[in-house]
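Engineer: File follows, structure-v3.cif with mmCIF, C-alpha atoms:
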```cif
data_coords
#
loop_
_atom_site.label_atom_id
_atom_site.label_comp_id
_atom_site.auth_asym_id
_atom_site.auth_seq_id
_atom_site.Cartn_x
_atom_site.Cartn_y
_atom_site.Cartn_z
CA MET O 1 108.19 107.16 93.16
CA THR O 2 106.60 105.32 90.24
CA ASP O 3 103.69 102.91 90.69
CA GLN O 4 105.90 99.93 89.80
CA VAL O 5 108.57 100.89 92.33
CA THR O 6 105.88 101.30 94.99
CA ILE O 7 104.31 97.91 94.18
CA ASP O 8 107.72 96.19 94.06
CA GLN O 9 108.66 97.73 97.41
CA LEU O 10 105.35 96.76 99.05
CA GLN O 11 105.66 93.20 97.73
CA ALA O 12 109.28 92.85 98.85
CA GLU O 13 108.34 94.09 102.32
CA GLN O 14 105.27 91.79 102.37
CA SER O 15 103.30 94.82 103.50
CA MET O 16 99.83 94.36 104.94
CA PHE O 17 97.28 97.19 104.92
CA VAL O 18 94.74 98.68 107.31
CA GLN O 19 91.82 100.92 106.42
CA THR O 20 89.46 102.46 108.98
CA ALA O 21 86.03 103.99 108.59
CA ALA O 22 83.32 105.51 110.74
CA SER O 23 80.79 102.88 109.63
CA ILE O 24 79.87 100.29 107.01
CA THR O 25 76.84 98.92 105.26
CA SER O 26 76.71 95.63 103.39
CA ASP O 27 74.22 93.66 101.34
CA GLY O 28 76.42 90.55 101.49
CA ALA O 29 77.79 91.12 97.99
CA SER O 30 79.36 94.53 98.59
CA LEU O 31 80.94 96.39 101.47
CA VAL O 32 80.50 100.16 101.74
CA LEU O 33 82.96 101.93 104.06
CA MET O 34 81.52 105.33 104.93
CA GLY O 35 83.77 108.02 106.35
CA VAL O 36 86.85 106.04 105.30
CA THR O 37 90.06 107.72 106.44
CA PRO O 38 92.02 109.42 103.67
CA SER O 39 95.10 107.40 104.65
CA THR O 40 95.70 103.63 104.34
CA ILE O 41 98.29 102.26 106.77
CA TYR O 42 100.80 99.65 105.59
CA PHE O 43 103.17 97.64 107.73
CA SER O 44 105.46 94.65 107.47
CA ASP O 45 106.37 91.89 109.88
CA ARG O 46 109.86 91.05 111.10
CA PRO O 47 112.61 91.52 110.11
CA GLN O 48 111.75 94.73 108.17
CA ARG O 49 109.17 96.16 110.61
CA ILE O 50 108.30 98.94 108.18
CA VAL O 51 105.32 101.17 108.92
CA GLY O 52 103.91 103.92 106.77
CA HIS O 53 100.82 105.24 105.14
CA MET O 54 99.65 106.21 101.71
CA ALA O 55 96.63 108.07 100.48
CA THR O 56 93.64 105.73 100.26
CA SER O 57 93.14 107.04 96.72
CA ASP O 58 96.70 105.87 95.88
CA PHE O 59 95.92 102.44 97.38
CA VAL O 60 92.89 102.17 95.08
CA ASP O 61 94.94 103.42 92.10
CA LEU O 62 97.58 100.70 92.75
CA TRP O 63 94.94 97.92 92.81
CA GLY O 64 95.72 96.69 89.28
CA ALA O 65 99.44 97.51 89.22
CA GLY O 66 102.18 94.89 89.23
CA GLU O 67 102.54 91.26 88.21
CA ASN O 68 100.62 89.79 91.18
CA SER O 69 98.18 92.66 91.59
CA PHE O 70 95.11 92.63 93.79
CA GLU O 71 93.10 92.83 90.57
CA THR O 72 94.45 89.48 89.32
CA ASP O 73 94.63 87.87 92.79
CA PRO O 74 92.09 89.59 95.09
CA PRO O 75 93.21 89.82 98.70
CA ASN O 76 91.62 88.33 101.76
CA ALA O 77 90.78 90.78 104.50
CA VAL O 78 89.44 90.78 108.03
CA LEU O 79 86.73 93.31 108.84
CA SER O 80 86.73 94.11 112.56
CA PHE O 81 83.64 95.96 113.74
CA LEU O 82 81.50 96.99 116.68
CA GLN O 83 77.75 96.51 116.81
CA PRO O 84 75.75 98.94 118.97
CA GLY O 85 76.14 97.88 122.61
CA ASP O 86 79.11 95.56 121.94
CA LYS O 87 82.13 95.86 124.22
CA VAL O 88 84.35 93.57 122.13
CA PRO O 89 84.79 93.84 118.35
CA ASP O 90 83.60 91.01 116.12
CA ASP O 91 85.15 90.10 112.78
CA VAL O 92 84.47 88.49 109.43
CA VAL O 93 86.96 87.17 106.85
CA ILE O 94 86.25 88.28 103.29
CA VAL O 95 87.76 88.53 99.82
CA ILE O 96 87.67 92.12 98.54
CA LYS O 97 87.47 93.11 94.87
CA GLU O 98 86.99 96.09 92.55
CA PRO O 99 87.40 99.07 94.92
CA ARG O 100 85.62 102.31 94.09
CA LEU O 101 86.37 105.48 96.07
CA ALA O 102 84.34 108.69 95.97
CA ASP O 103 83.73 111.45 98.51
CA GLY O 104 84.96 109.54 101.57
CA THR O 105 83.09 106.35 100.66
CA LEU O 106 84.99 103.22 99.61
CA ILE O 107 83.06 100.33 98.06
CA TYR O 108 84.37 96.78 97.57
CA LEU O 109 82.67 93.78 96.03
CA ILE O 110 83.08 90.97 98.57
CA GLU O 111 82.90 87.24 99.12
CA VAL O 112 82.44 86.12 102.73
CA LEU O 113 84.84 83.33 103.73
CA ASP O 114 84.22 83.09 107.48
CA GLY O 115 81.86 84.82 109.89
CA LYS O 116 78.66 86.77 109.42
CA MET O 117 78.76 90.08 107.59
CA PRO O 118 76.61 92.67 109.39
CA HIS O 119 74.19 94.83 107.40
CA GLU O 120 75.63 97.86 109.18
CA ALA O 121 78.23 98.52 111.84
CA GLY O 122 80.77 101.02 112.99
CA PRO O 123 83.43 102.03 113.67
CA VAL O 124 85.40 99.50 111.61
CA SER O 125 88.92 98.45 110.66
CA LEU O 126 89.72 96.45 107.54
CA PHE O 127 92.97 94.43 107.68
CA ILE O 128 94.13 93.51 104.16
CA ASP O 129 96.61 90.77 103.23
CA PRO O 130 99.86 91.48 101.32
CA ILE O 131 99.92 91.98 97.56
CA GLY O 132 100.39 88.67 95.74
CA ARG O 133 100.32 86.66 99.00
CA PRO O 134 96.68 86.32 100.09
CA LEU O 135 97.14 83.07 102.03
CA SER O 136 100.69 83.57 103.27
CA PRO O 137 101.66 82.47 106.80
CA VAL O 138 102.20 86.11 107.77
CA SER O 139 98.83 87.20 106.45
CA VAL O 140 96.11 88.58 108.64
CA CYS O 141 93.76 85.84 107.48
CA GLY O 142 96.46 83.21 108.04
CA VAL O 143 96.75 84.35 111.65
CA ARG O 144 92.96 84.18 111.99
CA ARG O 145 92.90 80.60 110.62
CA ARG O 146 95.70 79.51 112.99
CA GLU O 147 93.85 81.07 115.92
CA ARG O 148 90.66 79.12 115.09
CA ARG O 149 92.66 75.85 114.81
CA ARG O 150 94.25 76.49 118.21
CA VAL O 151 90.84 77.09 119.78
CA ARG O 152 89.47 73.87 118.23
CA ARG O 153 92.48 71.91 119.49
CA ALA O 154 92.13 73.37 122.99
CA VAL O 155 88.42 72.46 123.11
CA ARG O 156 88.98 68.81 122.15
#
```
Turn the structure described in the file into C-alpha cells.
Structural biologist:
Amino acid sequence: MTDQVTIDQLQAEQSMFVQTAASITSDGASLVLMGVTPSTIYFSDRPQRIVGHMATSDFVDLWGAGENSFETDPPNAVLSFLQPGDKVPDDVVIVIKEPRLADGTLIYLIEVLDGKMPHEAGPVSLFIDPIGRPLSPVSVCGVRRRERRRVRRAVR
C-alpha cells in the first residue's frame, strides 16, 4: 500500500490514533515518550468502526504525507498519564509537532492548550486527532471540550 493510499484511507475513515509509552518527560516545549510501543493504534467512529495498527515508525513517516498532513495542520492530542501514587489518570490537551523517533523514544514539539503538563509521568497514552480534522466533532479533543462544557453547565 502506498503512502498516499494509506493517508487517503485514514482520512476517509476519520481515523484517530493512540500511542502508549512506559513514561514521559517534558520541559513544556517538548514531550519525550520513552519506551514507546512499536505499534500505533488507529480507529474510527461509527459507522465504519475500523480498528488497526501500524508501526509507530510508519506513523512518523506519514506525518508530512497528503494534502491535509499533520505537518501542515498539526493535530491536537490528549496525553493521559499517571503520577506516582495516583489512582485515576490525569490528562492535558496539547498540539503535537515535528515527531522524531529513535531507539524506542518518540519526541514531539508541543503547545499546551489545556491542563498542566507534568515534568515526568508514566505510564502514558497519547490520543491523537484525525488527519486534517484537528477540531472535528468526533475528535478526542472535541470530546474533551464537550465534557468540560457539560461539567460547567451542571455546576451552574
Engineer: Evaluate the PyMOL selection byres ((chain O and resi 102-111) around 6) against this structure - the residues, as a PyMOL selection string, please.
Structural biologist: chain O and resi 29-36+94-101+112
Engineer: Would you translate the PyMOL selection byres ((chain O and resi 125-128) around 7) into the concrete set of residues it matches in this file, as an MDAnalysis selection string?
Structural biologist: chainID O and resid 16:21 75:81 124 129:130 140
Engineer: Expand the PyMOL selection byres ((chain O and resi 121) around 8) into the explicit residue set it covers here, and present it as a list in words.
Structural biologist: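 Taken over the shown coordinates, the PyMOL selection byres ((chain O and resi 121) around 8) returns Ser23, Ile24, Thr25, Phe81, Leu82, Gln83, Pro84, Pro118, His119, Glu120, Gly122, Pro123 and Val124 of chain O.
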Engineer: Find the distance between CA of Gln14 in chain O and CA of His53 in chain O and write it in Å to one decimal.
Structural biologist: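 Result for CA of Gln14 in chain O versus CA of His53 in chain O: 14.4 Å, one decimal.
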Engineer: What does the distance between CA of Gly28 in chain O and CA of Val93 in chain O come to in Å, to one decimal place?
Structural biologist: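 Distance between the two atoms: 12.3 Å.
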Engineer: Need the neighbours of (97.9, 111.5, 101.0): which residues are at most 9 Å away, counting all atoms listed in the file, as a list of chain:residue names?
Structural biologist: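 Residues lying no farther than 9 Å from the given point: O:Pro38, O:Ser39, O:Thr40, O:His53, O:Met54, O:Ala55, O:Thr56, O:Ser57, O:Asp58.
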Engineer: May I have the protein, DNA and RNA residues with any atom at most 10 Å from the point (108.3, 99.1, 105.6), counting all atoms listed in the file, written as an NGL selection string?
Structural biologist: :O and (9-10 or 12-16 or 42-53)
Engineer: Those residues with C-alpha atoms, as a PDB file, in the coordinates of the input please?
Structural biologist:
```pdb
ATOM      1  CA  GLN O   9     108.660  97.730  97.410  1.00  0.00           C
ATOM      2  CA  LEU O  10     105.350  96.760  99.050  1.00  0.00           C
ATOM      3  CA  ALA O  12     109.280  92.850  98.850  1.00  0.00           C
ATOM      4  CA  GLU O  13     108.340  94.090 102.320  1.00  0.00           C
ATOM      5  CA  GLN O  14     105.270  91.790 102.370  1.00  0.00           C
ATOM      6  CA  SER O  15     103.300  94.820 103.500  1.00  0.00           C
ATOM      7  CA  MET O  16      99.830  94.360 104.940  1.00  0.00           C
ATOM      8  CA  TYR O  42     100.800  99.650 105.590  1.00  0.00           C
ATOM      9  CA  PHE O  43     103.170  97.640 107.730  1.00  0.00           C
ATOM     10  CA  SER O  44     105.460  94.650 107.470  1.00  0.00           C
ATOM     11  CA  ASP O  45     106.370  91.890 109.880  1.00  0.00           C
ATOM     12  CA  ARG O  46     109.860  91.050 111.100  1.00  0.00           C
ATOM     13  CA  PRO O  47     112.610  91.520 110.110  1.00  0.00           C
ATOM     14  CA  GLN O  48     111.750  94.730 108.170  1.00  0.00           C
ATOM     15  CA  ARG O  49     109.170  96.160 110.610  1.00  0.00           C
ATOM     16  CA  ILE O  50     108.300  98.940 108.180  1.00  0.00           C
ATOM     17  CA  VAL O  51     105.320 101.170 108.920  1.00  0.00           C
ATOM     18  CA  GLY O  52     103.910 103.920 106.770  1.00  0.00           C
ATOM     19  CA  HIS O  53     100.820 105.240 105.140  1.00  0.00           C
TER      20      HIS O  53
END
```
Engineer: One decimal, Å: what's the distance from CA of Lys116 in chain O over to CA of Glu71 in chain O, could you say?
Structural biologist: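 The value is 24.5 Å.
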Engineer: Let me make sure I understand: among O:Ala22, O:Leu113, O:Ile41, O:Ile131, which one has the smallest atom-to-atom distance to Phe70 in chain O if we use only C-alpha atoms?
Structural biologist: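 The answer is O:Ile131, which sits nearest to Phe70 in chain O.
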